[in-house]
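So this block is final21.cif, mmCIF, C-alpha atoms:
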```cif
data_target
loop_
_atom_site.label_atom_id
_atom_site.label_comp_id
_atom_site.auth_asym_id
_atom_site.auth_seq_id
_atom_site.Cartn_x
_atom_site.Cartn_y
_atom_site.Cartn_z
CA MET A 1 25.02 12.03 123.59
CA ALA A 2 23.64 15.22 125.16
CA GLN A 3 20.40 14.94 127.14
CA GLY A 4 18.67 17.39 124.80
CA ARG A 5 19.41 15.19 121.79
CA ALA A 6 18.28 12.07 123.69
CA LEU A 7 15.02 13.81 124.62
CA GLN A 8 14.43 14.66 120.96
CA LEU A 9 14.78 10.98 120.09
CA LEU A 10 12.45 10.08 122.95
CA PHE A 11 9.73 12.37 121.60
CA LEU A 12 10.28 11.02 118.09
CA SER A 13 9.64 7.48 119.36
CA VAL A 14 6.57 8.72 121.24
CA PHE A 15 5.18 10.29 118.07
CA LEU A 16 5.81 7.20 115.93
CA PHE A 17 4.74 4.53 118.42
CA GLY A 18 1.84 6.40 120.01
CA GLY A 19 -0.52 5.53 117.19
CA VAL A 20 0.68 1.97 116.64
CA TRP A 21 -1.74 0.19 118.98
CA PRO A 22 -5.00 1.79 117.80
CA VAL A 23 -4.19 1.22 114.12
CA THR A 24 -3.01 -2.32 114.92
CA LYS A 25 -6.29 -3.01 116.74
CA TYR A 26 -8.08 -1.80 113.60
CA ALA A 27 -5.91 -4.11 111.45
CA PHE A 28 -6.94 -7.13 113.54
CA ALA A 29 -10.22 -7.13 111.66
CA HIS A 30 -8.17 -8.46 108.75
CA ALA A 31 -5.21 -10.19 110.45
CA THR A 32 -4.38 -12.49 113.34
CA PRO A 33 -2.15 -11.05 116.10
CA LEU A 34 1.05 -13.09 115.80
CA TRP A 35 1.13 -13.03 112.00
CA PHE A 36 0.65 -9.28 112.06
CA GLY A 37 3.55 -8.98 114.53
CA PHE A 38 5.73 -11.19 112.35
CA THR A 39 4.84 -9.20 109.23
CA ARG A 40 5.70 -5.81 110.73
CA ALA A 41 9.01 -7.18 112.07
CA ALA A 42 9.92 -8.80 108.76
CA LEU A 43 9.04 -5.67 106.78
CA ALA A 44 11.10 -3.52 109.16
CA ALA A 45 14.10 -5.83 108.71
CA LEU A 46 13.72 -5.69 104.92
CA SER A 47 13.29 -1.90 104.68
CA ALA A 48 16.21 -1.19 107.02
CA ALA A 49 18.46 -3.64 105.15
CA VAL A 50 17.63 -2.08 101.78
CA MET A 51 18.27 1.41 103.14
CA LEU A 52 21.62 0.48 104.68
CA ALA A 53 22.67 -1.44 101.56
CA ALA A 54 21.95 1.62 99.44
CA MET A 55 24.22 3.65 101.74
CA GLY A 56 26.92 0.97 101.73
CA ARG A 57 26.52 0.34 105.46
CA LEU A 58 24.94 -3.14 105.55
CA ARG A 59 27.45 -5.34 107.39
CA VAL A 60 27.52 -8.40 109.61
CA PRO A 61 27.47 -7.32 113.30
CA LYS A 62 30.71 -7.47 115.26
CA ARG A 63 31.25 -9.85 118.16
CA ASP A 64 30.80 -7.10 120.75
CA ASP A 65 27.47 -6.13 119.20
CA TRP A 66 25.72 -9.44 119.82
CA PRO A 67 24.71 -9.15 123.52
CA GLY A 68 22.85 -5.88 122.96
CA LEU A 69 21.66 -6.96 119.52
CA CYS A 70 20.15 -10.19 120.85
CA ALA A 71 18.55 -8.40 123.79
CA ILE A 72 16.79 -5.91 121.53
CA GLY A 73 15.94 -8.41 118.79
CA LEU A 74 14.70 -11.22 121.02
CA LEU A 75 13.27 -9.28 123.98
CA GLN A 76 12.28 -5.77 122.87
CA ILE A 77 11.07 -6.85 119.42
CA GLY A 78 10.37 -10.59 119.30
CA ALA A 79 8.99 -11.28 122.78
CA PHE A 80 7.40 -7.84 123.15
CA PHE A 81 5.63 -8.07 119.78
CA ALA A 82 4.39 -11.60 120.46
CA LEU A 83 3.09 -10.84 123.96
CA ALA A 84 1.63 -7.41 123.18
CA HIS A 85 -0.10 -8.43 119.96
CA VAL A 86 -1.81 -11.39 121.60
CA ALA A 87 -2.80 -9.14 124.52
CA LEU A 88 -4.22 -6.56 122.10
CA SER A 89 -6.69 -9.18 120.87
CA LEU A 90 -7.97 -9.47 124.46
CA VAL A 91 -7.58 -5.93 125.85
CA PRO A 92 -8.76 -2.54 124.47
CA ALA A 93 -6.16 -0.61 122.46
CA GLY A 94 -6.00 2.23 124.99
CA ARG A 95 -5.16 -0.10 127.86
CA THR A 96 -2.65 -1.97 125.70
CA ALA A 97 -0.91 1.30 124.90
CA ILE A 98 -0.75 2.12 128.61
CA LEU A 99 0.39 -1.13 130.17
CA GLY A 100 2.60 -2.35 127.33
CA ASN A 101 4.73 0.78 127.57
CA VAL A 102 5.03 1.02 131.34
CA THR A 103 8.70 0.14 131.63
CA ILE A 104 8.79 2.23 134.80
CA PHE A 105 7.38 -0.76 136.72
CA TRP A 106 10.58 -2.66 136.03
CA LEU A 107 13.29 -0.35 134.72
CA VAL A 108 13.68 1.96 137.70
CA PRO A 109 14.07 -0.68 140.45
CA LEU A 110 16.22 -2.91 138.21
CA SER A 111 18.48 0.02 137.30
CA VAL A 112 18.97 0.81 140.98
CA LEU A 113 19.58 -2.81 141.97
CA LEU A 114 21.67 -4.00 139.02
CA LEU A 115 23.38 -0.85 137.78
CA GLY A 116 23.58 1.11 141.01
CA GLU A 117 22.12 4.10 139.18
CA PRO A 118 21.46 7.03 141.55
CA VAL A 119 17.94 8.43 141.58
CA SER A 120 17.29 11.89 142.99
CA ARG A 121 14.34 12.68 145.22
CA ARG A 122 12.73 14.70 142.43
CA ARG A 123 12.90 11.74 140.06
CA TRP A 124 11.45 9.37 142.65
CA ILE A 125 8.56 11.84 142.89
CA ALA A 126 8.31 11.82 139.09
CA ALA A 127 8.21 8.01 139.09
CA GLY A 128 5.46 8.07 141.70
CA LEU A 129 3.42 10.60 139.71
CA GLY A 130 3.86 8.50 136.58
CA LEU A 131 2.72 5.32 138.28
CA ALA A 132 -0.23 7.15 139.83
CA GLY A 133 -1.19 8.43 136.38
CA VAL A 134 -0.98 4.92 134.96
CA GLY A 135 -3.09 3.56 137.80
CA VAL A 136 -5.78 6.18 137.21
CA MET A 137 -5.78 5.66 133.43
CA MET A 138 -6.06 1.91 133.84
CA SER A 139 -9.11 2.46 136.10
CA PRO A 140 -9.09 -1.13 137.42
CA TRP A 141 -12.19 -0.37 139.50
CA GLY A 142 -14.22 0.01 136.31
CA MET A 143 -12.99 -3.13 134.55
CA ASP A 144 -14.90 -6.34 134.14
CA TRP A 145 -12.18 -8.69 135.40
CA SER A 146 -14.46 -11.67 134.79
CA ALA A 147 -14.48 -11.03 131.03
CA PRO A 148 -12.77 -13.79 129.01
CA GLY A 149 -9.04 -13.12 128.70
CA ALA A 150 -9.04 -9.93 130.79
CA VAL A 151 -6.61 -11.11 133.48
CA PHE A 152 -4.50 -13.09 131.01
CA GLY A 153 -4.26 -10.15 128.60
CA HIS A 154 -3.08 -7.75 131.31
CA ALA A 155 -0.53 -10.30 132.56
CA LEU A 156 0.85 -10.59 129.02
CA LEU A 157 1.26 -6.81 128.86
CA LEU A 158 3.20 -6.72 132.13
CA CYS A 159 5.50 -9.44 130.78
CA ALA A 160 5.91 -7.46 127.56
CA SER A 161 7.00 -4.33 129.44
CA LEU A 162 9.43 -6.47 131.48
CA CYS A 163 11.03 -7.76 128.27
CA TRP A 164 11.45 -4.20 127.02
CA SER A 165 13.03 -3.13 130.33
CA LEU A 166 15.48 -6.05 130.30
CA ALA A 167 16.51 -5.11 126.77
CA ILE A 168 17.26 -1.53 127.85
CA LEU A 169 19.30 -2.75 130.82
CA THR A 170 21.29 -5.13 128.63
CA THR A 171 22.21 -2.40 126.15
CA ARG A 172 23.43 -0.29 129.06
CA LEU A 173 25.55 -3.11 130.43
CA TYR A 174 26.81 -4.24 127.00
CA PRO A 175 26.49 -1.30 124.60
CA PRO A 176 27.02 -2.31 120.95
CA ARG A 177 30.15 -0.96 119.27
CA THR A 178 28.35 -0.52 115.95
CA PRO A 179 25.85 2.39 115.68
CA ILE A 180 22.35 1.24 116.57
CA ALA A 181 20.98 2.38 113.20
CA ASP A 182 23.30 -0.10 111.44
CA LEU A 183 22.03 -2.98 113.57
CA ILE A 184 18.31 -2.45 113.01
CA PRO A 185 17.91 -5.02 110.19
CA TRP A 186 19.49 -7.72 112.34
CA MET A 187 17.38 -6.78 115.36
CA PHE A 188 14.13 -7.10 113.45
CA LEU A 189 15.31 -10.27 111.71
CA LEU A 190 15.91 -11.91 115.10
CA GLY A 191 12.51 -10.70 116.30
CA ALA A 192 10.75 -12.04 113.21
CA LEU A 193 12.51 -15.41 113.52
CA LEU A 194 11.37 -15.68 117.14
CA ILE A 195 7.74 -14.89 116.29
CA LEU A 196 7.51 -17.11 113.19
CA PRO A 197 7.40 -20.57 114.85
CA ILE A 198 5.00 -19.27 117.51
CA ALA A 199 2.68 -17.94 114.79
CA LEU A 200 2.85 -21.23 112.88
CA TRP A 201 1.95 -23.08 116.08
CA ARG A 202 -0.73 -20.79 117.53
CA GLU A 203 -2.24 -19.36 114.34
CA PRO A 204 -1.91 -21.98 111.57
CA PHE A 205 -3.07 -21.01 108.10
CA SER A 206 -5.54 -23.88 108.20
CA ALA A 207 -7.32 -22.17 111.10
CA GLY A 208 -7.48 -18.77 109.39
CA GLY A 209 -4.15 -17.38 110.57
CA GLY A 210 -2.39 -14.77 108.46
CA VAL A 211 -2.59 -11.17 107.25
CA GLY A 212 -5.46 -10.26 104.96
CA GLN A 213 -5.49 -7.65 102.21
CA GLY A 214 -7.18 -5.09 104.44
CA ALA A 215 -4.27 -5.10 106.91
CA TRP A 216 -1.34 -4.82 104.51
CA LEU A 217 -1.39 -1.03 104.24
CA ILE A 218 -1.18 -0.66 108.02
CA ALA A 219 1.47 -3.38 108.30
CA GLY A 220 3.45 -1.63 105.57
CA PHE A 221 3.38 1.75 107.29
CA ILE A 222 4.36 0.29 110.67
CA GLY A 223 6.94 -2.14 109.32
CA LEU A 224 8.56 0.03 106.69
CA ILE A 225 8.52 3.42 108.46
CA ALA A 226 7.37 3.60 112.08
CA ALA A 227 9.03 0.45 113.43
CA PRO A 228 12.64 0.87 112.21
CA ILE A 229 12.84 4.61 112.86
CA GLY A 230 10.93 4.43 116.13
CA THR A 231 12.98 1.49 117.43
CA TRP A 232 16.25 3.28 116.67
CA ALA A 233 15.03 6.39 118.49
CA THR A 234 13.74 4.33 121.44
CA VAL A 235 16.95 2.35 121.90
CA GLU A 236 19.18 5.42 121.70
CA ALA A 237 16.98 7.38 124.11
CA GLY A 238 16.86 4.45 126.55
CA ARG A 239 20.65 4.08 126.47
CA HIS A 240 21.46 7.74 127.13
CA LEU A 241 18.72 8.94 129.49
CA ASN A 242 18.43 8.37 133.22
CA ALA A 243 16.21 5.36 133.96
CA VAL A 244 13.47 7.45 135.56
CA LEU A 245 13.47 10.09 132.83
CA ALA A 246 13.41 7.42 130.11
CA SER A 247 10.63 5.47 131.81
CA VAL A 248 8.31 8.40 132.48
CA GLY A 249 9.08 9.74 129.01
CA PHE A 250 7.90 6.50 127.42
CA LEU A 251 4.62 6.98 129.30
CA MET A 252 3.84 9.68 126.73
CA VAL A 253 3.33 6.87 124.17
CA PRO A 254 0.07 5.69 125.77
CA LEU A 255 -1.25 9.23 125.87
CA VAL A 256 -1.00 9.47 122.09
CA GLY A 257 -2.48 5.97 121.86
CA LEU A 258 -5.37 6.92 124.10
CA VAL A 259 -6.20 9.98 122.03
CA LEU A 260 -6.34 7.89 118.85
CA ALA A 261 -8.20 5.04 120.53
CA THR A 262 -10.80 7.55 121.71
CA THR A 263 -11.16 9.58 118.52
CA TRP A 264 -10.77 6.78 115.95
CA LEU A 265 -11.93 3.56 117.63
CA GLY A 266 -14.55 5.25 119.78
CA GLU A 267 -13.18 3.95 123.09
CA PRO A 268 -14.64 6.02 125.97
CA LEU A 269 -12.77 9.05 127.35
CA GLY A 270 -13.60 9.66 131.00
CA TRP A 271 -12.28 11.67 133.91
CA ASP A 272 -9.86 8.86 134.75
CA LEU A 273 -8.05 9.15 131.42
CA ILE A 274 -7.93 12.94 131.61
CA LEU A 275 -6.61 12.98 135.19
CA GLY A 276 -4.20 10.11 134.57
CA GLY A 277 -2.87 11.75 131.42
CA GLY A 278 -2.31 14.99 133.32
CA LEU A 279 -0.32 13.15 136.00
CA VAL A 280 1.86 11.47 133.35
CA VAL A 281 2.61 14.80 131.66
CA LEU A 282 3.47 16.31 135.05
CA SER A 283 5.78 13.36 135.84
CA VAL A 284 7.69 13.92 132.60
CA ILE A 285 8.15 17.61 133.41
CA VAL A 286 9.37 16.82 136.95
CA ALA A 287 11.74 14.11 135.74
CA ALA A 288 13.23 16.33 133.02
CA ARG A 289 14.05 18.97 135.64
CA GLY A 290 15.48 16.47 138.13
#
```
Written form, structure tokens:
Amino acid sequence: MAQGRALQLLFLSVFLFGGVWPVTKYAFAHATPLWFGFTRAALAALSAAVMLAAMGRLRVPKRDDWPGLCAIGLLQIGAFFALAHVALSLVPAGRTAILGNVTIFWLVPLSVLLLGEPVSRRRWIAAGLGLAGVGVMMSPWGMDWSAPGAVFGHALLLCASLCWSLAILTTRLYPPRTPIADLIPWMFLLGALLILPIALWREPFSAGGGVGQGAWLIAGFIGLIAAPIGTWATVEAGRHLNAVLASVGFLMVPLVGLVLATTWLGEPLGWDLILGGGLVVLSVIVAARG
């Protein structure tokens, strides 16, 4: 796949996923985190299966597809959804959008160590600019680290981004033979099956767990449209772009999330978010030219 096409898919995933965390935070007024994550994964599996069946392309994955399929389904979808949704109940949506999507923390060093992927000086500079932008946007100096769940929520987000990075690395090492679009129902099915027992354990119906009527419209949009299309675009972009370019490109997701969190949820927009966002945009430009 040409880099231009991969960049188009990257920006498609940024557009679709950028608004997910603010609207999900809004949905939490009517749903518990793990059940919402399970619902969006299950709906994505259903919608993708129906679409592929209508096109005559719904088939059982081949043997060579399973390593990459399991990595995406269990790590990028199941584990990431579970960790990030619980974290979102503890951390503001803007910060969740930032830290949950920072694969650059893990993907770049792991790609160099495990894949031997060369990284030019320009792209190391881009990675540094991206991390600096993330650090400024996170503004740890202004956080109340003593607030209940603050440290735990941020740790969950770092683990979530690690799971995403490991999924990308696995698909590079063991690329599926079947087109990614044809595997999406199975990926989301695996993710939903991973989340389900955790939701039953941590958020039992008897304790108020579940998805209320007010959250179904949001869950439907994310599960039926944004999640399957965005995941396909994300996986394909991650497979075909240089690790640095992919990582700094995914940093555009939190920028969209921050704009929505500020304009819709009323989360504060300060100099740190403006400066950090500018550094992230600059890092993407530098990486694309490197």
For this session: Step by step, work through what the PyMOL selection byres ((chain A and resi 162-175) around 7) selects in the shown file, and finish by giving those residues as an MDAnalysis selection string.
Result: chainID A and resid 67:68 71:72 75:76 79:80 103 106:107 158:161 176:177 238:239
Problem set entry | Selected residue, from A:Val286, A:Gly220, A:Phe250, A:Gly153, that lies nearest to Val86 in chain A when counting all atoms listed in the file | A:Gly153
Exercise. Could you tell me, as a PyMOL selection string, which residues have any atom at most 10 Å from (-7.4, -11.8, 111.2), counting all atoms listed in the file?
Worked result: chain A and resi 27-36+203+208-212+214-215
Seminar exercise, completed: Expressed in Å, the length from CA of Val23 in chain A to CA of Ser283 in chain A is 26.8 Å
Problem set entry | Pairwise distance for CA of Ala42 in chain A and CA of Ala192 in chain A, rounded to one decimal in Å | 5.6 Å
For this session: Could you tell me how far CA of Thr263 in chain A lies from CA of Gly130 in chain A, in Å and to one decimal?
Result: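 Separation of CA of Thr263 in chain A and CA of Gly130 in chain A: 23.5 Å.
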For this session: Determine the residue membership of the PyMOL selection byres ((chain A and resi 38) around 10) for the file above and supply it as a VMD selection string.
Result: chain A and resid 33 to 37 39 to 44 77 to 78 81 to 82 85 188 to 189 191 to 199 210 to 211 219 223
Exercise. From the list A:Leu16, A:Leu74, A:Gly133, A:Leu9, which residue is nearest Val235 in chain A when using only C-alpha atoms?
Worked result: A:Leu9
For this session: Would you kindly return, as a PyMOL selection string, each protein, DNA or RNA residue with an atom no farther than 9 Å from any atom of Ala48 in chain A, considering only C-alpha atoms and excluding same-chain residues fewer than 4 positions away?
Result: chain A and resi 43-44+52-53+181-185+188+224+228-229
Problem set entry | Distance criterion (all atoms listed in the file): nearest to Asp272 in chain A out of A:Val134, A:Thr231, A:Met187, A:Tyr26 |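 Counting all atoms listed in the file, the residue closest to Asp272 in chain A is A:Val134.
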For this session: Excluding range 17-20 of chain A and any residue of its chain fewer than 2 positions from it, enumerate the residues within 6 Å of it, using all atoms listed in the file, and give them as a PyMOL selection string.
Result: chain A and resi 13-15+22-24+253+256-257
Exercise. Looking at A:Leu88, A:Ile125, A:Thr178, A:Val119, which one is nearest to Arg63 in chain A, with distances taken over all atoms listed in the file?
Worked result: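 Selected residue with least distance to Arg63 in chain A: A:Thr178.
If you measure from each of A:Leu114, A:Leu279, A:Leu10, A:Met51 to Trp232 in chain A using all atoms listed in the file, the closest one turns out to be A:Leu10.
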Exercise. Nearest to Phe11 in chain A among A:Ala54, A:Leu255, A:Ala233, A:Ala127, with distances taken over all atoms listed in the file: which residue is it?
Worked result: A:Ala233
For this session: Return as an NGL selection string the set of residues that the PyMOL selection byres ((chain A and resi 240) around 8) yields on the displayed structure.
Result: :A and (1 or 3 or 6 or 236-239 or 241-242)
